[in-house]
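Notes to accompany the following structure.
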Amino acid sequence: MVLIGRITKDASIKKLNDDREVVNFSIAINDYYKPKGQVEGVTLTTYYNCSYWISSKIASRLTKGSLVELSGRIYINAYMGLDGEAKASLNCHVNSITIHLAGKRGEATAKESKEHPIDDLPF
């Protein structure tokens with residue numbers, strides 16, 4: 001599944017006992033719709049907890065506010081909270097990340113393109 005959203009806080013790296021590293025971050029996806037017959041529209045925000053296992057080098061570029069496109073597998077984690085109440089979270093096991101717009105602390109990045117510059121046109 002492909003998700004496009006903004007990172008809610010800077011990514012963190014967790015090192016496991018077997019020396020593997022995972023990059024953890026979360027994204028928010030905003031949706032807006034206007035119910036039939038209503039004057040006011042409704043804004044809905046959905047949060048996804050994401051984990052990226054391929055390389056931890058990208059963590060420094062995953063800063064709060066960055067607009068990212070993720071491809072991966074979505075799953076639900078259901079659990080009991082400390083207060084005994086049933087809770088759940090949406091999670092994404094990320095396979096690929098494209099940063100479309102960096103957050104405040106990052107630099108603006110452009111998606112790599114194989115197009116030729118205008119100066120290289122054959123006519």
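Every chain in the structure tokens takes a letter, A first, then B, and so on in the order presented; its residues are numbered from 1, and the ligands are numbered from 1 following the presented order.
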
Any idea what's packed within 12 Å of Lys9 in chain A, counting only C-alpha atoms, ignoring anything in its chain fewer than 6 positions away? Could you give it as an NGL selection string? :A and (24-28 or 47 or 49-50 or 59-67 or 103-105)

Expected file: the selected residues, C-alpha atoms, as a PDB file, in the first residue's frame:
ATOM      1  CA  ASN A  24      10.826   4.202  13.897  1.00  0.00           C
ATOM      2  CA  PHE A  25       8.679   7.215  13.028  1.00  0.00           C
ATOM      3  CA  SER A  26       5.036   8.131  12.638  1.00  0.00           C
ATOM      4  CA  ILE A  27       3.087   9.948   9.945  1.00  0.00           C
ATOM      5  CA  ALA A  28      -0.210  11.810   9.894  1.00  0.00           C
ATOM      6  CA  TYR A  47      -1.822   8.343  12.348  1.00  0.00           C
ATOM      7  CA  ASN A  49       3.403   4.126  13.359  1.00  0.00           C
ATOM      8  CA  CYS A  50       6.083   3.160  10.842  1.00  0.00           C
ATOM      9  CA  ALA A  59      16.778   8.465   9.860  1.00  0.00           C
ATOM     10  CA  SER A  60      18.566  11.825   9.908  1.00  0.00           C
ATOM     11  CA  ARG A  61      16.475  12.988   6.920  1.00  0.00           C
ATOM     12  CA  LEU A  62      13.135  11.924   8.421  1.00  0.00           C
ATOM     13  CA  THR A  63      12.429  15.097  10.386  1.00  0.00           C
ATOM     14  CA  LYS A  64       9.214  16.512  11.789  1.00  0.00           C
ATOM     15  CA  GLY A  65       7.057  18.059   9.068  1.00  0.00           C
ATOM     16  CA  SER A  66       8.682  16.215   6.149  1.00  0.00           C
ATOM     17  CA  LEU A  67       6.264  15.112   3.433  1.00  0.00           C
ATOM     18  CA  GLY A 103      10.895  19.411   7.338  1.00  0.00           C
ATOM     19  CA  LYS A 104      12.117  22.649   8.907  1.00  0.00           C
ATOM     20  CA  ARG A 105      15.521  21.335   9.934  1.00  0.00           C
TER      21      ARG A 105
END

I need the residues in chain A that are strand (DSSP E or B) according to DSSP; give them as number ranges by chain. A: 2-7, 12-15, 21-33, 42-52, 67-80, 86-101

Compile the contact shell of Asn77 in chain A as a list in words: residues with an atom at most 7 Å away, counting only C-alpha atoms, same-chain residues fewer than 5 positions apart removed.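 Listing them by chain and then by number gives Ala88, Ser89 and Leu90 of chain A.
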
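Closest approach to Ile99 in chain A among A:Val68, A:Val39, A:Val2, A:Val22 is made by A:Val68 (distances from only C-alpha atoms).
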